Amino acid sequence: MATEQHRADAQRVEDHGMTVAIIPARGGSKGVPRKNLRRVGGVPLIERAVRTALAADGIDLVVVSTDDDEIAAVASAAGARVVRRPAELSGDTASSESAILHALDELEAGGDSIRIVAFLQATSPFIPADALTDAVQQVRDGHADTVFAAHETYGFLWGRDAAGAAVALNHDAAHRPRRQDREPHHLETGAFYVFRADGFRAAEHRFFGRIRIAEVPEWTAIEIDDEQQLRIARALAALHESEERIPVRAIVTDFDGVHTDDTASVDADGVERVRVSREDGMGVSLLRRAGIPMLILSTEVNAVVRARADKLRVPVLHGIDDKEAALRAWAAESGIPLADIAYLGNDVNDLPALRIVGWPVAVANAHPLVQEAARVVLRRSGGHGAVRELIERVLPG
């Protein structure tokens with residue numbers, strides 16, 4: 001009888017409604033302020049979650065539930081539909097389940113029929129799209145009612161009793177078998193949960209019915225709840241995520257700390273000398289041959305900036321206090337949308353320009369605020385081939 005009921009449930013899931021990914025992302029956060037907008041691998045956490053959901057097969061609609069205007073704008077630009085979450089569901093004590101139920105109510109009130117929900121958490125920056133695809137398929141095919149992300153572990157878990165003494169939880173402390181002689185456990189990562197919408201409404205909880213595990217790599221399990229975890233996630237992104245091509249039509253750079261190593265020597269006559277990279281010079285030559293415009297935009301008024309720009313045969317605007325206004329004017333005059341421009345910077349005076357282009361880029365040794373604002377953080381430092389590295393990622397093939 002139970003088997004027949006499961007088949008009936010599976011058929012109902014298959015025949016009615018869409019699969020929707022719901023990503024709750026409120027604006028408030030105590031541990032990491034504005035957490036859902038912080039960047040890992042140069043991309044805001046909320047955008048990373050939206051991208052993953054869009055990349056997974058079997059998901060028909062991606063929805064972000066938020067109370068925050070900026071999160072809504074980023075999510076919408078990334079391709080998500082936004083559901084505005086009311087204040088009573090946006091506080092520190094509000095549950096994810098309440099946000100999901102509200103989003104389902106809003107979607108169904110608008111005429112959408114939902115059969116499967118994929119609940120993603122933006123604070124998990126490394127959600128594997130293939131594991132999410134498989135989890136959706138398991139629920140779609142009726143093999144499970146709920147599937148959640150977890151990684152395999154052989155760790156010995158301990159707790160404390162009322163007196164503070166250590167207590168073995170998942171093993172016999174007097175018996176220490178070898179790893180190969182033990183059965184693994186699975187640790188829930190919090191990255192995603194996929195479940196039947198009707199079963200979720202009935203249970204008002206993400207775990208119900210037949211529950212299965214979607215096994216994911218252990219390195220993807222990090223969940224960002226504090227600044228240290230954010231720093232670790234950024235390091236993991238640099239280690240694991242491949243360098244993508246940067247598809248732009250123009251490059252604009254700062255000068256000091258980008259073309260130079262941000263140091264200078266001054267002789268007795270006050271003449272300033274800086275160090276530059278010959279690699280950068282060759283890169284600019286290749287960029288010029290490819291017909292891609294480049295501009296140097298510098299706050300400094302210094303003969304060395306003009307001399308280097310002339311050597312590179314690149315136009316320069318220096319003595320610029322308002323880089324954003326200057327960049328907007330140059331883009332308009334050149335007929336190049338800001339979305340198609342990469343800006344390479346290193347310090348806080350570059351932030352206004354970085355915020356308006358499609359590809360904000362930072363040198364490896366940039367100020368932390370610049371690295372956070374960047375979509376890409378290069379491996380090379382200013383004056384040590386950073387410009388060449390950016391150019392090689394812009395040039396096709």
# chains A, B, ... in the order shown; residues from 1 in each chain; ligands from 1

$ closest_atom_pairs --of "stretch 25-127 of chain A" --to "stretch 335-358 of chain A" --cutoff "12 Å" --atoms "only C-alpha atoms" --output "CSV"
residue,atom,partner,partner_atom,distance
A:Gly42,CA,A:Gly358,CA,11.6
A:Val43,CA,A:Gly358,CA,11.5
A:Ala77,CA,A:Gly358,CA,11.7

$ residues_around --residues "A:Phe192" --least-positions-apart "4" --cutoff "7 Å" --atoms "only C-alpha atoms" --output "list in words"
Ala118, Phe119, Leu120, Gln121, Phe148 and Ala149 of chain A

$ residues_around --residues "A:Leu236" --least-positions-apart "3" --cutoff "10 Å" --atoms "only C-alpha atoms" --output "ChimeraX atom specification"
/A:40-41,125-126,219-220,222,230-233,239-241

$ select_by_dssp --residues "stretch 92-190 of chain A" --states "helix (DSSP H, G or I)" --output "ChimeraX atom specification"
/A:96-109,129-140,179-181

$ write_last_selection --atoms "N, CA, C and O atoms" --output "mmCIF file, in the first residue's frame"
data_model
loop_
_atom_site.group_PDB
_atom_site.id
_atom_site.type_symbol
_atom_site.label_atom_id
_atom_site.label_comp_id
_atom_site.auth_asym_id
_atom_site.auth_seq_id
_atom_site.Cartn_x
_atom_site.Cartn_y
_atom_site.Cartn_z
ATOM 1 N N SER A 96 14.018 29.981 7.961
ATOM 2 C CA SER A 96 14.053 29.825 6.509
ATOM 3 C C SER A 96 12.734 29.247 6.008
ATOM 4 O O SER A 96 12.245 29.609 4.934
ATOM 5 N N GLU A 97 12.156 28.317 6.779
ATOM 6 C CA GLU A 97 10.882 27.717 6.390
ATOM 7 C C GLU A 97 9.802 28.779 6.208
ATOM 8 O O GLU A 97 9.003 28.707 5.259
ATOM 9 N N SER A 98 9.767 29.783 7.087
ATOM 10 C CA SER A 98 8.735 30.823 6.969
ATOM 11 C C SER A 98 8.931 31.630 5.691
ATOM 12 O O SER A 98 7.955 32.015 5.031
ATOM 13 N N ALA A 99 10.187 31.887 5.328
ATOM 14 C CA ALA A 99 10.455 32.631 4.096
ATOM 15 C C ALA A 99 10.052 31.822 2.869
ATOM 16 O O ALA A 99 9.512 32.369 1.895
ATOM 17 N N ILE A 100 10.309 30.523 2.902
ATOM 18 C CA ILE A 100 9.955 29.659 1.766
ATOM 19 C C ILE A 100 8.443 29.563 1.623
ATOM 20 O O ILE A 100 7.898 29.672 0.512
ATOM 21 N N LEU A 101 7.735 29.375 2.735
ATOM 22 C CA LEU A 101 6.273 29.306 2.685
ATOM 23 C C LEU A 101 5.685 30.608 2.145
ATOM 24 O O LEU A 101 4.743 30.591 1.337
ATOM 25 N N HIS A 102 6.239 31.734 2.572
ATOM 26 C CA HIS A 102 5.762 33.022 2.074
ATOM 27 C C HIS A 102 6.004 33.146 0.572
ATOM 28 O O HIS A 102 5.119 33.592 -0.178
ATOM 29 N N ALA A 103 7.194 32.748 0.116
ATOM 30 C CA ALA A 103 7.500 32.822 -1.315
ATOM 31 C C ALA A 103 6.562 31.930 -2.118
ATOM 32 O O ALA A 103 6.068 32.328 -3.184
ATOM 33 N N LEU A 104 6.290 30.726 -1.610
ATOM 34 C CA LEU A 104 5.354 29.826 -2.294
ATOM 35 C C LEU A 104 3.962 30.445 -2.383
ATOM 36 O O LEU A 104 3.299 30.370 -3.429
ATOM 37 N N ASP A 105 3.518 31.058 -1.288
ATOM 38 C CA ASP A 105 2.202 31.702 -1.290
ATOM 39 C C ASP A 105 2.143 32.806 -2.342
ATOM 40 O O ASP A 105 1.157 32.933 -3.075
ATOM 41 N N GLU A 106 3.213 33.608 -2.406
ATOM 42 C CA GLU A 106 3.237 34.715 -3.362
ATOM 43 C C GLU A 106 3.249 34.207 -4.805
ATOM 44 O O GLU A 106 2.547 34.747 -5.672
ATOM 45 N N LEU A 107 4.039 33.172 -5.063
ATOM 46 C CA LEU A 107 4.116 32.624 -6.413
ATOM 47 C C LEU A 107 2.781 32.022 -6.843
ATOM 48 O O LEU A 107 2.300 32.246 -7.959
ATOM 49 N N GLU A 108 2.173 31.253 -5.948
ATOM 50 C CA GLU A 108 0.921 30.590 -6.295
ATOM 51 C C GLU A 108 -0.236 31.588 -6.390
ATOM 52 O O GLU A 108 -1.148 31.405 -7.197
ATOM 53 N N ALA A 109 -0.156 32.677 -5.605
ATOM 54 C CA ALA A 109 -1.168 33.725 -5.730
ATOM 55 C C ALA A 109 -1.072 34.409 -7.094
ATOM 56 O O ALA A 109 -2.070 34.922 -7.617
ATOM 57 N N ALA A 129 26.551 22.588 -8.995
ATOM 58 C CA ALA A 129 25.349 22.561 -9.831
ATOM 59 C C ALA A 129 24.981 21.141 -10.246
ATOM 60 O O ALA A 129 23.793 20.813 -10.378
ATOM 61 N N ASP A 130 26.004 20.267 -10.430
ATOM 62 C CA ASP A 130 25.691 18.898 -10.852
ATOM 63 C C ASP A 130 24.993 18.122 -9.742
ATOM 64 O O ASP A 130 24.057 17.352 -9.994
ATOM 65 N N ALA A 131 25.422 18.321 -8.482
ATOM 66 C CA ALA A 131 24.759 17.650 -7.358
ATOM 67 C C ALA A 131 23.336 18.179 -7.175
ATOM 68 O O ALA A 131 22.416 17.413 -6.855
ATOM 69 N N LEU A 132 23.148 19.478 -7.404
ATOM 70 C CA LEU A 132 21.813 20.054 -7.318
ATOM 71 C C LEU A 132 20.913 19.483 -8.413
ATOM 72 O O LEU A 132 19.749 19.137 -8.168
ATOM 73 N N THR A 133 21.446 19.357 -9.621
ATOM 74 C CA THR A 133 20.694 18.759 -10.726
ATOM 75 C C THR A 133 20.231 17.345 -10.378
ATOM 76 O O THR A 133 19.073 16.975 -10.597
ATOM 77 N N ASP A 134 21.157 16.548 -9.829
ATOM 78 C CA ASP A 134 20.834 15.165 -9.479
ATOM 79 C C ASP A 134 19.770 15.109 -8.384
ATOM 80 O O ASP A 134 18.870 14.258 -8.415
ATOM 81 N N ALA A 135 19.859 16.019 -7.407
ATOM 82 C CA ALA A 135 18.872 16.043 -6.327
ATOM 83 C C ALA A 135 17.477 16.364 -6.861
ATOM 84 O O ALA A 135 16.483 15.739 -6.470
ATOM 85 N N VAL A 136 17.395 17.330 -7.765
ATOM 86 C CA VAL A 136 16.111 17.665 -8.385
ATOM 87 C C VAL A 136 15.545 16.459 -9.124
ATOM 88 O O VAL A 136 14.350 16.144 -9.027
ATOM 89 N N GLN A 137 16.417 15.749 -9.840
ATOM 90 C CA GLN A 137 15.968 14.596 -10.615
ATOM 91 C C GLN A 137 15.446 13.487 -9.709
ATOM 92 O O GLN A 137 14.463 12.816 -10.034
ATOM 93 N N GLN A 138 16.097 13.287 -8.559
ATOM 94 C CA GLN A 138 15.642 12.241 -7.640
ATOM 95 C C GLN A 138 14.235 12.513 -7.129
ATOM 96 O O GLN A 138 13.401 11.597 -7.036
ATOM 97 N N VAL A 139 13.951 13.770 -6.814
ATOM 98 C CA VAL A 139 12.603 14.114 -6.346
ATOM 99 C C VAL A 139 11.617 14.065 -7.516
ATOM 100 O O VAL A 139 10.498 13.562 -7.378
ATOM 101 N N ARG A 140 12.028 14.564 -8.666
ATOM 102 C CA ARG A 140 11.159 14.545 -9.848
ATOM 103 C C ARG A 140 10.744 13.119 -10.215
ATOM 104 O O ARG A 140 9.606 12.854 -10.585
ATOM 105 N N ARG A 179 40.299 3.695 9.595
ATOM 106 C CA ARG A 179 39.337 4.365 8.717
ATOM 107 C C ARG A 179 38.653 3.366 7.784
ATOM 108 O O ARG A 179 37.441 3.396 7.609
ATOM 109 N N GLN A 180 39.464 2.469 7.184
ATOM 110 C CA GLN A 180 38.897 1.536 6.218
ATOM 111 C C GLN A 180 37.966 0.508 6.859
ATOM 112 O O GLN A 180 37.220 -0.188 6.155
ATOM 113 N N ASP A 181 37.980 0.429 8.177
ATOM 114 C CA ASP A 181 37.105 -0.514 8.872
ATOM 115 C C ASP A 181 35.851 0.161 9.437
ATOM 116 O O ASP A 181 35.054 -0.500 10.111
#

$ closest_residue --among "A:Ile246, A:Ile211, A:Val64, A:Ile251" --to "A:Arg196" --atoms "only C-alpha atoms"
A:Ile211

$ closest_residue --among "A:Ala144, A:Ile296, A:Leu369, A:Val82" --to "A:Asp310" --atoms "only C-alpha atoms"
A:Ile296

$ residues_around --residues "A:Phe208" --least-positions-apart "2" --cutoff "10 Å" --atoms "only C-alpha atoms" --output "JSON, numbers by chain"
{"A": [144, 145, 146, 147, 195, 196, 199, 200, 202, 203, 204, 205, 206, 210, 211]}

$ write_last_selection --atoms "N, CA, C and O atoms" --output "PDB file, in the first residue's frame"
ATOM      1  N   ALA A 144      12.652  10.101  -3.993  1.00  0.00           N
ATOM      2  CA  ALA A 144      12.791  10.694  -2.663  1.00  0.00           C
ATOM      3  C   ALA A 144      11.807  11.840  -2.535  1.00  0.00           C
ATOM      4  O   ALA A 144      11.354  12.412  -3.535  1.00  0.00           O
ATOM      5  N   ASP A 145      11.476  12.164  -1.282  1.00  0.00           N
ATOM      6  CA  ASP A 145      10.643  13.339  -1.011  1.00  0.00           C
ATOM      7  C   ASP A 145      11.508  14.544  -0.668  1.00  0.00           C
ATOM      8  O   ASP A 145      11.130  15.684  -0.926  1.00  0.00           O
ATOM      9  N   THR A 146      12.659  14.277  -0.051  1.00  0.00           N
ATOM     10  CA  THR A 146      13.614  15.321   0.301  1.00  0.00           C
ATOM     11  C   THR A 146      15.021  14.814   0.007  1.00  0.00           C
ATOM     12  O   THR A 146      15.351  13.663   0.326  1.00  0.00           O
ATOM     13  N   VAL A 147      15.835  15.667  -0.591  1.00  0.00           N
ATOM     14  CA  VAL A 147      17.250  15.360  -0.820  1.00  0.00           C
ATOM     15  C   VAL A 147      18.060  16.558  -0.333  1.00  0.00           C
ATOM     16  O   VAL A 147      17.731  17.708  -0.656  1.00  0.00           O
ATOM     17  N   PHE A 195      12.872  19.394  -2.225  1.00  0.00           N
ATOM     18  CA  PHE A 195      11.752  18.641  -1.664  1.00  0.00           C
ATOM     19  C   PHE A 195      10.458  18.933  -2.431  1.00  0.00           C
ATOM     20  O   PHE A 195      10.358  19.925  -3.163  1.00  0.00           O
ATOM     21  N   ARG A 196       9.498  18.037  -2.250  1.00  0.00           N
ATOM     22  CA  ARG A 196       8.174  18.223  -2.823  1.00  0.00           C
ATOM     23  C   ARG A 196       7.476  19.396  -2.137  1.00  0.00           C
ATOM     24  O   ARG A 196       7.494  19.502  -0.904  1.00  0.00           O
ATOM     25  N   GLY A 199       4.457  18.246   0.143  1.00  0.00           N
ATOM     26  CA  GLY A 199       4.925  17.626   1.377  1.00  0.00           C
ATOM     27  C   GLY A 199       5.498  18.645   2.338  1.00  0.00           C
ATOM     28  O   GLY A 199       5.315  18.551   3.568  1.00  0.00           O
ATOM     29  N   PHE A 200       6.194  19.659   1.801  1.00  0.00           N
ATOM     30  CA  PHE A 200       6.749  20.723   2.645  1.00  0.00           C
ATOM     31  C   PHE A 200       5.631  21.522   3.309  1.00  0.00           C
ATOM     32  O   PHE A 200       5.711  21.849   4.500  1.00  0.00           O
ATOM     33  N   ALA A 202       2.702  20.476   4.068  1.00  0.00           N
ATOM     34  CA  ALA A 202       2.062  19.651   5.084  1.00  0.00           C
ATOM     35  C   ALA A 202       2.935  19.529   6.334  1.00  0.00           C
ATOM     36  O   ALA A 202       2.449  19.611   7.463  1.00  0.00           O
ATOM     37  N   ALA A 203       4.237  19.341   6.144  1.00  0.00           N
ATOM     38  CA  ALA A 203       5.152  19.150   7.268  1.00  0.00           C
ATOM     39  C   ALA A 203       5.615  20.465   7.882  1.00  0.00           C
ATOM     40  O   ALA A 203       6.003  20.509   9.056  1.00  0.00           O
ATOM     41  N   GLU A 204       5.621  21.553   7.064  1.00  0.00           N
ATOM     42  CA  GLU A 204       6.178  22.853   7.454  1.00  0.00           C
ATOM     43  C   GLU A 204       7.633  22.723   7.891  1.00  0.00           C
ATOM     44  O   GLU A 204       8.115  23.416   8.779  1.00  0.00           O
ATOM     45  N   HIS A 205       8.313  21.776   7.250  1.00  0.00           N
ATOM     46  CA  HIS A 205       9.721  21.534   7.547  1.00  0.00           C
ATOM     47  C   HIS A 205      10.353  20.909   6.314  1.00  0.00           C
ATOM     48  O   HIS A 205       9.673  20.246   5.522  1.00  0.00           O
ATOM     49  N   ARG A 206      11.673  21.099   6.181  1.00  0.00           N
ATOM     50  CA  ARG A 206      12.353  20.618   4.965  1.00  0.00           C
ATOM     51  C   ARG A 206      12.610  19.114   4.950  1.00  0.00           C
ATOM     52  O   ARG A 206      12.907  18.545   3.908  1.00  0.00           O
ATOM     53  N   ARG A 210      10.546  10.228   2.505  1.00  0.00           N
ATOM     54  CA  ARG A 210      11.775   9.484   2.179  1.00  0.00           C
ATOM     55  C   ARG A 210      12.899  10.486   1.927  1.00  0.00           C
ATOM     56  O   ARG A 210      12.820  11.299   1.004  1.00  0.00           O
ATOM     57  N   ILE A 211      13.935  10.413   2.742  1.00  0.00           N
ATOM     58  CA  ILE A 211      15.017  11.403   2.705  1.00  0.00           C
ATOM     59  C   ILE A 211      16.279  10.764   2.141  1.00  0.00           C
ATOM     60  O   ILE A 211      16.667   9.665   2.562  1.00  0.00           O
TER      61      ILE A 211
END

$ closest_atom_pairs --of "stretch 122-229 of chain A" --to "stretch 20-24 of chain A" --cutoff "10 Å" --atoms "only C-alpha atoms" --output "CSV"
residue,atom,partner,partner_atom,distance
A:Ala122,CA,A:Ile23,CA,6.8
A:Phe192,CA,A:Ile23,CA,9.5
A:Tyr193,CA,A:Ala21,CA,9.7
A:Val194,CA,A:Ala21,CA,8.7
A:Ala197,CA,A:Val20,CA,9.5

$ closest_residue --among "A:Leu327, A:Ala237, A:Ile292, A:Leu157" --to "A:Asp254" --atoms "only C-alpha atoms"
A:Leu327

$ residues_around --residues "A:Met18" --least-positions-apart "2" --cutoff "8 Å" --atoms "only C-alpha atoms" --output "PyMOL selection string"
chain A and resi 16+20+59-61+112-116

$ closest_residue --among "A:Leu45, A:Leu287, A:Ala174, A:Ala56" --to "A:Pro396" --atoms "only C-alpha atoms"
A:Leu287

$ select_by_dssp --residues "stretch 117-231 of chain A" --states "strand (DSSP E or B)" --output "VMD selection string"
chain A and resid 117 to 120 146 to 153 158 to 160 166 to 168 185 to 196 211 to 215

$ closest_residue --among "A:Val252, A:Val370, A:Ala238, A:Val305" --to "A:Arg273" --atoms "only C-alpha atoms"
A:Val305
